[in-house]
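Structure file entry.cif (mmCIF, C-alpha atoms and all ligand atoms) is printed below.
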```cif
data_target
#
loop_
_atom_site.label_atom_id
_atom_site.label_comp_id
_atom_site.auth_asym_id
_atom_site.auth_seq_id
_atom_site.Cartn_x
_atom_site.Cartn_y
_atom_site.Cartn_z
CA MET A 449 88.12 76.15 119.18
CA LEU A 450 90.29 78.11 116.77
CA THR A 451 93.96 77.21 116.51
CA LEU A 452 96.44 79.86 115.42
CA TYR A 453 99.91 78.93 114.20
CA HIS A 454 101.91 81.86 115.41
CA HIS A 455 105.25 83.44 116.20
CA ALA A 456 105.44 86.46 118.51
CA PHE A 457 107.85 88.33 116.23
CA SER A 458 105.59 87.97 113.22
CA GLN A 459 103.61 91.11 112.52
CA HIS A 460 101.29 89.06 110.32
CA ALA A 461 100.49 86.71 113.20
CA ARG A 462 100.23 89.47 115.83
CA ARG A 463 97.52 91.33 113.95
CA VAL A 464 95.38 88.20 114.26
CA THR A 465 95.90 87.78 118.01
CA ALA A 466 95.12 91.49 118.42
CA LEU A 467 91.66 90.93 116.93
CA LEU A 468 90.99 87.62 118.68
CA ASP A 469 91.97 89.05 122.06
CA GLU A 470 90.09 92.28 121.55
CA ALA A 471 86.95 90.38 120.57
CA ALA A 472 87.45 87.85 123.41
CA ILE A 473 87.33 84.92 121.01
CA PRO A 474 88.87 81.77 122.52
CA TYR A 475 91.78 80.27 120.60
CA SER A 476 94.82 78.15 121.17
CA ILE A 477 98.30 79.03 120.00
CA GLN A 478 100.64 76.67 118.21
CA HIS A 479 104.05 78.29 118.37
CA VAL A 480 106.01 77.79 115.15
CA ALA A 481 109.72 78.16 115.89
CA LEU A 482 110.72 80.05 112.75
CA ASN A 483 114.21 80.53 114.17
CA GLU A 484 114.62 76.73 114.32
CA GLY A 485 113.18 76.17 110.86
CA ALA A 486 110.00 74.52 112.16
CA HIS A 487 108.04 76.16 109.34
CA LEU A 488 110.19 74.33 106.78
CA ARG A 489 109.45 70.86 108.13
CA ALA A 490 107.07 68.51 106.37
CA ALA A 491 104.63 68.51 109.29
CA TYR A 492 104.07 72.26 108.99
CA ARG A 493 103.96 72.22 105.20
CA THR A 494 100.78 70.19 105.40
CA VAL A 495 99.31 73.06 107.48
CA ASN A 496 100.59 75.89 105.27
CA ALA A 497 102.28 75.12 101.96
CA ASN A 498 103.74 78.64 101.97
CA ARG A 499 105.78 77.71 105.07
CA GLN A 500 104.71 80.91 106.81
CA VAL A 501 102.78 82.05 109.85
CA PRO A 502 100.03 82.78 110.58
CA THR A 503 97.72 79.92 109.74
CA LEU A 504 94.28 79.60 111.27
CA VAL A 505 92.57 76.25 111.71
CA ASP A 506 88.86 76.19 112.48
CA GLY A 507 87.52 72.66 112.36
CA THR A 508 87.96 71.46 108.80
CA LEU A 509 88.94 74.92 107.55
CA THR A 510 92.61 75.87 107.28
CA ILE A 511 93.46 79.34 106.00
CA HIS A 512 96.61 81.34 105.49
CA GLU A 513 97.11 85.06 104.68
CA SER A 514 96.73 87.24 107.72
CA ASN A 515 94.27 89.69 106.22
CA ALA A 516 92.05 86.87 104.94
CA ILE A 517 92.12 85.45 108.46
CA LEU A 518 91.07 88.82 109.90
CA ARG A 519 88.17 89.03 107.48
CA TYR A 520 87.11 85.45 108.20
CA VAL A 521 87.09 86.02 111.96
CA CYS A 522 85.04 89.20 111.55
CA ASN A 523 82.57 87.49 109.24
CA LYS A 524 82.22 84.40 111.39
CA TYR A 525 81.75 86.25 114.68
CA ALA A 526 79.84 89.23 113.22
CA LEU A 527 82.47 91.74 114.34
CA VAL A 528 80.87 94.52 112.35
CA ASP A 529 82.70 97.32 114.14
CA TRP A 530 86.01 95.75 113.15
CA TYR A 531 84.89 95.05 109.57
CA PRO A 532 81.93 97.32 108.79
CA THR A 533 79.31 95.96 106.44
CA ASP A 534 78.29 99.10 104.58
CA PRO A 535 79.97 98.89 101.17
CA GLU A 536 81.72 102.27 101.30
CA THR A 537 83.39 101.80 104.67
CA ARG A 538 84.23 98.19 103.87
CA ALA A 539 85.88 99.30 100.63
CA ILE A 540 88.10 101.70 102.58
CA VAL A 541 89.01 98.97 105.07
CA ASP A 542 89.87 96.62 102.19
CA GLN A 543 91.86 99.35 100.50
CA TRP A 544 94.11 99.79 103.54
CA LEU A 545 94.41 96.05 104.07
CA ASP A 546 95.68 95.65 100.51
CA TRP A 547 97.86 98.77 100.75
CA ASN A 548 99.44 97.34 103.86
CA GLN A 549 100.38 94.10 102.09
CA CYS A 550 101.40 95.64 98.76
CA ARG A 551 103.04 98.93 99.73
CA LEU A 552 104.00 98.99 103.39
CA ALA A 553 105.00 95.39 104.08
CA PRO A 554 107.87 95.18 101.51
CA PRO A 555 109.96 98.08 102.87
CA VAL A 556 109.21 97.08 106.48
CA THR A 557 110.33 93.51 105.80
CA ASP A 558 113.46 94.71 103.98
CA ILE A 559 114.43 97.07 106.78
CA VAL A 560 113.80 94.64 109.63
CA TYR A 561 115.48 91.75 107.84
CA ASN A 562 118.60 93.77 107.14
CA ARG A 563 118.83 95.77 110.36
CA VAL A 564 117.85 93.04 112.81
CA PHE A 565 118.86 89.73 111.28
CA MET A 566 121.64 90.28 108.75
CA GLY A 567 124.33 91.66 111.05
CA ALA A 568 127.48 92.52 109.10
CA GLY A 569 125.85 91.26 105.89
CA ALA A 570 123.15 93.96 106.00
CA ASP A 571 122.54 95.66 102.68
CA ALA A 572 122.78 99.41 103.34
CA ALA A 573 121.27 100.28 99.96
CA VAL A 574 118.17 98.19 100.67
CA ILE A 575 117.79 99.87 104.07
CA ALA A 576 118.16 103.33 102.52
CA SER A 577 115.60 102.52 99.85
CA GLY A 578 113.21 101.21 102.52
CA GLU A 579 113.62 104.36 104.57
CA SER A 580 112.89 106.58 101.62
CA GLN A 581 109.76 104.54 100.80
CA LEU A 582 108.63 104.82 104.42
CA ALA A 583 108.86 108.60 104.28
CA GLU A 584 106.52 108.65 101.29
CA LEU A 585 104.17 106.09 102.84
CA ALA A 586 103.99 108.04 106.11
CA GLU A 587 102.72 111.06 104.16
CA ILE A 588 100.04 108.88 102.55
CA LEU A 589 98.91 107.55 105.93
CA ALA A 590 98.96 111.03 107.42
CA GLY A 591 96.85 112.31 104.52
CA THR A 592 93.98 110.17 105.80
CA LEU A 593 94.74 110.29 109.51
CA SER A 594 94.90 114.07 109.66
CA SER A 595 91.13 114.20 109.11
CA SER A 596 90.07 110.91 110.69
CA PRO A 597 91.16 109.24 113.97
CA TYR A 598 91.39 105.82 112.32
CA LEU A 599 91.95 104.66 108.77
CA ALA A 600 88.30 104.06 107.95
CA GLY A 601 86.59 106.56 110.20
CA ASN A 602 85.92 107.20 113.85
CA GLY A 603 86.55 103.72 115.17
CA PRO A 604 89.39 101.24 114.72
CA THR A 605 88.96 98.43 112.21
CA ILE A 606 91.03 95.47 111.10
CA ALA A 607 92.79 97.87 108.71
CA ASP A 608 94.26 99.70 111.71
CA LEU A 609 95.30 96.44 113.40
CA SER A 610 96.95 95.26 110.19
CA VAL A 611 98.81 98.47 109.32
CA GLY A 612 99.66 99.09 112.97
CA SER A 613 101.33 95.69 113.27
CA ASN A 614 103.86 96.77 110.64
CA LEU A 615 104.69 99.89 112.62
CA THR A 616 105.32 97.71 115.64
CA GLN A 617 107.62 95.61 113.47
CA LEU A 618 109.67 98.68 112.62
CA LEU A 619 110.29 99.21 116.32
CA LEU A 620 112.25 95.94 116.31
CA ALA A 621 114.66 97.74 113.98
CA GLU A 622 114.50 100.82 116.24
CA MET A 623 112.70 102.72 113.51
CA ALA A 624 109.39 104.50 113.22
CA MET A 625 107.28 106.25 110.62
CA ALA A 626 108.34 109.62 111.87
CA HIS A 627 105.29 111.74 111.24
CA PRO A 628 103.39 113.36 114.12
CA VAL A 629 99.98 112.41 112.74
CA VAL A 630 101.02 108.77 112.25
CA GLU A 631 102.66 108.65 115.67
CA ALA A 632 99.51 110.01 117.34
CA TRP A 633 97.42 107.35 115.60
CA TYR A 634 99.85 104.62 116.70
CA GLN A 635 99.53 105.87 120.29
CA ARG A 636 95.74 105.59 120.02
CA LEU A 637 96.11 102.05 118.70
CA SER A 638 98.43 101.15 121.55
CA LEU A 639 95.63 101.93 124.00
CA ILE A 640 93.44 99.19 122.50
CA PRO A 641 93.92 96.30 124.95
CA GLY A 642 94.01 93.54 122.31
CA PHE A 643 96.56 95.45 120.24
CA ALA A 644 98.67 96.22 123.32
CA ARG A 645 98.59 92.55 124.32
CA SER A 646 99.81 91.48 120.88
CA LEU A 647 103.01 93.49 121.14
CA PRO A 648 106.18 91.37 121.31
CA SER A 649 107.80 91.39 124.74
N1 LIG B 1 101.25 87.35 103.21
C1 LIG B 1 101.46 86.58 104.41
C2 LIG B 1 102.88 86.82 104.90
C3 LIG B 1 103.21 85.95 106.08
C4 LIG B 1 104.70 86.05 106.44
O1 LIG B 1 105.51 86.67 105.71
N2 LIG B 1 105.07 85.44 107.56
C5 LIG B 1 106.46 85.43 107.95
C6 LIG B 1 106.60 85.83 109.40
S1 LIG B 1 106.19 87.54 109.58
C7 LIG B 1 107.00 84.02 107.84
O2 LIG B 1 106.34 83.08 108.20
N3 LIG B 1 108.22 83.91 107.33
C8 LIG B 1 108.88 82.66 107.17
C9 LIG B 1 109.36 82.47 105.76
O3 LIG B 1 108.80 83.10 104.85
O4 LIG B 1 110.27 81.67 105.58
C10 LIG B 1 100.42 86.97 105.45
O5 LIG B 1 99.95 88.11 105.42
O6 LIG B 1 100.03 86.13 106.29
#
```
As structure tokens - that is how I would like this structure written.
Amino acid sequence: MLTLYHHAFSQHARRVTALLDEAAIPYSIQHVALNEGAHLRAAYRTVNANRQVPTLVDGTLTIHESNAILRYVCNKYALVDWYPTDPETRAIVDQWLDWNQCRLAPPVTDIVYNRVFMGAGADAAVIASGESQLAELAEILAGTLSSSPYLAGNGPTIADLSVGSNLTQLLLAEMAMAHPVVEAWYQRLSLIPGFARSLPS
């Protein structure tokens, strides 16, 4: 059985449970208490030298990087709707997976870290910069989603689960990508049972 090292407030970990639950793949959760520094202890470093969640263990295979985990699960269980095999659609899925990590994740992390965890030490300039980046990124998302219900076509893929998990993360900071097209897409995603189940409670 798969083992997922996880924390419910990690968007990177939640995107993986969204897929596993949606595809009804059995797995066990190992909660990593980030708030208690469990990820910094030697025992966890042997699981993930980056000291981060998620990590997936499948027999002798141990992998980190949430999007690599999503791809692995799709490849292993032939989840071709979630990770289409035709080169063009797959390229679009990969594009959004990389965009999510390279462009969207940094401002989301900055905003949530400062607004939720830093209290009086929050850096207002970092938050303002994050907000301005989000406005630009929302337009980019909307550019695709105004002509397509999901990022890579008519059905949801792992790109939607991955990008959507960052929008959920913004909600922790009581923020959203305020664009009607993006909001409508997020509502569609929220109706996917696995995605809905992954939301932090
Ligand atoms: N690129 C990694 C990022 C993982 C990540 O940043 N995880 C956060 C939780 S959302 C974490 O474990 N943070 C603890 C730390 O970096 O000290 C992925 O996509 O899996």
Q: Give as an NGL selection string the residues surrounding ligand LIG 1 (chain B) up to a distance of 10 Å, considering all atoms listed in the file.
A: :A and (453-464 or 480-483 or 485-488 or 496 or 498-503 or 511-518 or 545-546 or 548-550 or 553-554 or 557 or 610 or 614 or 617)
(Q) Restricting the calculation to all atoms listed in the file: of A:Met625, A:Leu468, A:Ala600, A:Ala573, which residue gets closest to Leu585 (chain A)? (A) A:Met625
Q: Give the answer as one residue: which of A:Val521, A:Ala471, A:Leu599, A:Leu609 has the shortest atom-to-atom distance to Arg538 (chain A), using only C-alpha atoms?
A: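 Of the candidates, the smallest distance to Arg538 (chain A) is held by A:Leu599.
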Q) Using only C-alpha atoms, which of A:Leu618, A:Pro604, A:Gly591, A:His479 sits nearest Leu639 (chain A)? A)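 Looking at the shortest contact to Leu639 (chain A), the residue is A:Pro604.
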Q) Could you state the separation of CA of Leu527 (chain A) and CA of Ala590 (chain A) in Å, given to one decimal place? A)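 Value for the CA of Leu527 (chain A)-CA of Ala590 (chain A) distance: 26.3 Å.
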Q. What gap, in Å, lies between CA of Leu452 (chain A) and CA of Glu484 (chain A)?
A. 18.5 Å
(Q) Please compute the CA of Trp547 (chain A)-CA of Val611 (chain A) distance, one decimal, in Å. (A) 8.6 Å
